[in-house]
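Below is one structure, written out as structure tokens; comments come after it.
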Amino acid sequence: MRKLALNNEILLTVDKPVRYLGNEINAVYKDPESVDIRFAMCFPDVYEIGMSYLGIQILYDLLNARDDVFCERVYSPWTDLDRIMEERHIPLFALESQDPVKDFDFLGITIQYEMCYTNILRILDLSGIPLLASERGEDVPIVIGGGPCTYNPEPIADFFDLFYLGEGETVYGALLDCYKANKAAGGSRQDFLLKAAFIPGIYVPSLYEPSYNDDGTLAAFIPLAEGVPARIERQVVKDLDSVIYPEKPIVPFMKITQDRIVLEIMRGCIRGCRFCQAGMVYRPDRQRSVKYLIDHALAMIKSTGQEEISLSSLSSSDYAELGTLLNELIDICEKERINISLPSLRIDEFSLDIMSKVQDVRKSSLTFAPEAGTQRMRDVINKGINEEEIMKGSGDAFRGGWNRVKLYFMLGLPTETEEDVKGIAQLADKVARNFYDIPREERKGNKRVEIVVSTSFFVPKPFTPFQWVRQARSEELMDKRYILSSEIKAQLNHRSIKYNWHDFELTKLEGLFARGDRRIATLLLEAYRNGCRFDAWTDKFNEEGWEKALADTGTDLDFYIYRERPVDELLPWDFIDLGVSRKFLGREYELAKQAIVTPNCRDKCSGCGCASYGTGVCMKGRGASE
Amino acid sequence: MKIRIKFSKKGTVRYIGHLDIMRYFQKAIRRSGLDIAYTNGFHKHQILSFAAPLGVGLESSGEYMDAEFNSFPGPEAVCASLNKEMAEGIEILSAIQLPDTAKNAMSQVAAADYIVRFPFWEGLQEDLERFLALESIVVSKTTKNGETEIDIRPIIYEMKITELPGSIDSAALGVDVPEGAEASYGGIFMKLSSGSRANLKPELVLNTFAAGCGHTAGEFSSLTERLEMYAEVGGRLVPLSEAF
């Protein structure tokens, strides 16, 4: 039998042992003795979540394409196994070789959301790697962080040897070559980090030091070593058709959250919604060609046997050749009996036509994300959707046979008033009226409409026009939720409207980690010692542990999140050159306050700064004016 | 046309549950390009059914599934196409065409063979003879309707030692071998009633046997392998691969 890190008793005792076996179709196996670098790639959550994330699969293929590298996967053991591993001192292992992570050269951790930070500490701890980078010796892996949360890496800076800022396809090759060369020359860990700091996009936190003013704000952020760049530039792929994309993605045995083929059609977004970090940090909008996508879809269908394929992007409707792509894809999928799932489509005639082809209308629901209840509020956040479009889209859909609508909103947005909150209920009611105004025979006999209003709470994020704003307090959020809930009950069609809300306990912590600085590390350590893990899982969230850690460390929430920051304050993430300039973000913030919208990148360039990458939508605009 | 496929499941894949194995085969068949039939409707499913779920932790060299094919390229071709798509530990052993009138494997299963490998105790041979000489062996079983007592003796069709201590490499089994027990592993063969009428699990037989002799079988130190499944045809037990 292939070697397993866990014995028979453990595997027969824990829930879903299949999470820990490896051996899936298309997993890559190499002889560890035959490679120079062993890389453990980790998503710090349980298998079915981590395996659903496309980024790891891309990096897995990218790294394993090199003969000198063996890249394996690591996920958080679920709480049952976690307890056993701690009790029996079983070190965390990688799925493929089942070898301890500690024996690897690198541990790469993708950081997709703030509420996984305690899980990161758990991964390090279970691996036997000292939590603080400063306490690591030559015998443990280099710990790398990547992903959207690294655009403010400071709250977790003490736990990482280096961060990779930008898209994985760009400088991993240089980083690994640098490691190999250093090892061959007999260089130390410190020697490698110093060299790596000169690779564009690589940030080595130990080589920089923040200093603070008396009021706690950041005074300066200074490189400690000669010649190390003062600003780190985010790395982006210029031509998405030129880089590796999975052709043989791993097929898990167990049902995972995203149990389907994922086709990433584009990166970036032209919309510029002011609350949205993804819309800023993945700029510029770049698209893959239809040919590239169809070739990869065919290859993945053949190599996985999956029954469903999904398009991935921030806004699929903005893919320029969506009609051509979908028509080709629908032909293939009909032949291969594969379902297509189409998330993030704007509801219009075109998308309704496509959706009626690929979905069972009676069983599927429509999703609109107006994000705010009044036009004023939507103008503030630059969400380019208006009531007319929602009414037109939902009306067309009702005539097409749909009778279920989901509406997504945020509460706690900057400048939000009671009227804006109530507007959410009123908008939902208007959609319901829209349904009942259509004669029954024209809505395919549907008797009732089902409208689900969902609200999440707004958290200001770095590198957005709202990076300076005051975050709403829990009491304010509770009030808003109550106002909305009452207002929904007061609507004519309240029986057709269901209201779902997200919990707000996590909101303040998420805000704290999003905009915190290096001093937040103490809080994280303290919460971790209090047993906080899997914070993103509602039933695992340990409020007591967090409250105690906040109190014991004296973390000042008023300072970090409940204060409007002056636009000239030095922010912890200002040392990162993301492409989007501070000037642009400040300008957008001013426009937001005046509820003035900014056109999307395709209609008009607003000079955000990303044109410096010389690719994507930025170049198209230029080409036209030349 | 109906095709009955026999496969084995050994090694680390024995920790994969029944539902996941079904999903695994659906995808493997798609990859193989074999001409399987689908149901009609918006979400089309392959016409595929399994004889009997295998418990997590058990190995097998006699699993069966029935599939409806639109065209059948022959036994060797089906085995070869599927074996190209298998994960380590799962192997397609045979594929035969059934008459259209054949009942599906799930409804046919009447008995199954197992071998249970575990550390033998001193005098096990005699203990087994005494155990089998009993006229009735009443055990309590938890069912949906609470505890019931059943006599398992009539549904133990056969039970004998087929592998003597010393003939098994216990380290290769992948179970938790107790210290000092390395050389004492032997194997007991069992033919037990199986399926919808009376389903007897080998673990229950082993535990009852061991407890009756004042021993414990060691839940995690034993390995059970299903060897074959049978249908009852004309009062005889016939392997599912020949039962049509």
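Labels for the structure tokens follow display order: chains A, B, ..., residues from 1 in each chain, ligands from 1.
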
Please identify every residue of chain B that has at least one atom no farther than 6 Å from an atom of chain A, counting only C-alpha atoms, and for each give the shortest atom pair and the distance in Å to one decimal, arranged by chain then increasing number, as a tab-separated table.
residue	atom	partner	partner_atom	distance
B:Gly11	CA	A:Met1	CA	4.9
B:Ile16	CA	A:Val18	CA	5.6
B:Asp20	CA	A:Met254	CA	5.5
B:Lys27	CA	A:Gly305	CA	4.3
B:Arg30	CA	A:Gly305	CA	4.9
B:Arg31	CA	A:Gly305	CA	4.8
B:Ala87	CA	A:Ile25	CA	6.0
B:Val175	CA	A:Asn8	CA	5.2
B:Asp176	CA	A:Asn8	CA	5.9
B:Phe220	CA	A:Glu9	CA	5.2

Problem - Residues of range 10-87 of chain B in alpha helix (DSSP H), written as a list of chain:residue names - result: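 Those in range 10-87 of chain B that DSSP calls alpha helix (DSSP H) are B:His18, B:Leu19, B:Asp20, B:Ile21, B:Met22, B:Arg23, B:Tyr24, B:Phe25, B:Gln26, B:Lys27, B:Ala28, B:Ile29, B:Arg30, B:Arg31, B:Ser32, B:Pro75, B:Glu76, B:Ala77, B:Val78, B:Cys79, B:Ala80, B:Ser81, B:Leu82, B:Asn83.
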
Practice task
Please identify all polymer residues within 12 Å of His215 in chain B, counting only C-alpha atoms, omitting same-chain residues fewer than 3 positions from it, and present them as a PyMOL selection string.
Solution key: chain B and resi 119-124+127+206-212+218-219

Practice task
Using DSSP on the backbone coordinates, identify the residues of range 135-367 of chain A assigned to strand (DSSP E); present them as JSON, numbers by chain.
Solution key: {"A": [142, 143, 144, 145, 146, 162, 163, 164, 202, 203, 208, 209, 210, 211, 212, 218, 219, 220, 221, 222, 223, 232, 233, 261, 262, 263, 264, 266, 267, 286, 287, 308, 309, 310, 311, 312, 339, 340, 341, 366, 367]}

Problem - Residue neighbourhood His494 in chain A, 12 Å, only C-alpha atoms, exclusion window fewer than 4 positions, as an NGL selection string - result: :A and (425-433 or 449-453 or 484-490 or 498-499)

Handout entry: Selection: 9 Å around range 223-229 of chain A, only C-alpha atoms, excl. self and same-chain fewer than 5 positions, as a list of chain:residue names
Key = A:Leu194, A:Ala197, A:Phe198, A:Pro200, A:Ser206, A:Leu207, A:Tyr208, A:Glu209, A:Pro210

Expected file contents, prior selection, all heavy atoms, as a short mmCIF file (atom, residue, chain, number, x, y, z; two decimals), in the first residue's frame:
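The resulting result00.cif:
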data_model
loop_
_atom_site.label_atom_id
_atom_site.label_comp_id
_atom_site.auth_asym_id
_atom_site.auth_seq_id
_atom_site.Cartn_x
_atom_site.Cartn_y
_atom_site.Cartn_z
N LEU A 194 17.68 37.98 1.26
CA LEU A 194 18.26 39.25 0.81
C LEU A 194 18.29 39.32 -0.72
O LEU A 194 17.98 40.34 -1.32
CB LEU A 194 19.67 39.40 1.40
CG LEU A 194 20.30 40.78 1.26
CD1 LEU A 194 19.40 41.86 1.88
CD2 LEU A 194 21.66 40.81 1.96
N ALA A 197 14.72 39.66 -2.25
CA ALA A 197 14.13 40.99 -2.10
C ALA A 197 14.38 41.87 -3.32
O ALA A 197 13.72 42.90 -3.50
CB ALA A 197 14.70 41.67 -0.85
N PHE A 198 15.32 41.45 -4.17
CA PHE A 198 15.61 42.24 -5.37
C PHE A 198 14.80 41.77 -6.58
O PHE A 198 14.84 42.38 -7.64
CB PHE A 198 17.11 42.20 -5.69
CG PHE A 198 17.91 43.03 -4.74
CD1 PHE A 198 18.36 42.51 -3.54
CD2 PHE A 198 18.18 44.37 -5.04
CE1 PHE A 198 19.08 43.29 -2.65
CE2 PHE A 198 18.90 45.15 -4.15
CZ PHE A 198 19.36 44.61 -2.93
N PRO A 200 11.53 41.62 -8.63
CA PRO A 200 10.34 42.48 -8.63
C PRO A 200 9.12 41.72 -8.08
O PRO A 200 8.90 40.56 -8.41
CB PRO A 200 10.13 42.78 -10.12
CG PRO A 200 11.42 42.50 -10.78
CD PRO A 200 12.13 41.47 -9.96
N SER A 206 11.08 41.20 6.81
CA SER A 206 12.14 41.42 7.81
C SER A 206 13.16 42.45 7.34
O SER A 206 13.97 42.92 8.14
CB SER A 206 12.85 40.09 8.11
OG SER A 206 13.38 39.55 6.92
N LEU A 207 13.12 42.81 6.07
CA LEU A 207 14.08 43.80 5.56
C LEU A 207 13.51 45.22 5.56
O LEU A 207 14.10 46.12 4.98
CB LEU A 207 14.51 43.42 4.14
CG LEU A 207 15.24 42.08 4.01
CD1 LEU A 207 15.60 41.79 2.57
CD2 LEU A 207 16.50 42.06 4.89
N TYR A 208 12.37 45.38 6.19
CA TYR A 208 11.73 46.71 6.26
C TYR A 208 11.31 46.97 7.70
O TYR A 208 10.93 46.05 8.41
CB TYR A 208 10.51 46.77 5.35
CG TYR A 208 10.83 46.58 3.88
CD1 TYR A 208 11.06 45.29 3.38
CD2 TYR A 208 10.93 47.67 3.02
CE1 TYR A 208 11.38 45.11 2.04
CE2 TYR A 208 11.24 47.48 1.68
CZ TYR A 208 11.47 46.20 1.20
OH TYR A 208 11.78 46.01 -0.13
N GLU A 209 11.33 48.23 8.06
CA GLU A 209 10.92 48.55 9.43
C GLU A 209 9.99 49.76 9.46
O GLU A 209 10.34 50.82 8.94
CB GLU A 209 12.15 48.84 10.28
CG GLU A 209 11.82 48.88 11.76
CD GLU A 209 13.08 48.98 12.60
OE1 GLU A 209 13.80 49.98 12.46
OE2 GLU A 209 13.34 48.04 13.36
N PRO A 210 8.82 49.56 10.06
CA PRO A 210 7.92 50.71 10.22
C PRO A 210 8.28 51.50 11.47
O PRO A 210 8.79 50.94 12.44
CB PRO A 210 6.54 50.06 10.38
CG PRO A 210 6.81 48.69 10.90
CD PRO A 210 8.23 48.32 10.57
#

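Proximity of B:Asp169, B:Glu179, B:Asp100, B:Glu158 to Ala112 in chain B, computed with only C-alpha atoms, is greatest for B:Glu158.
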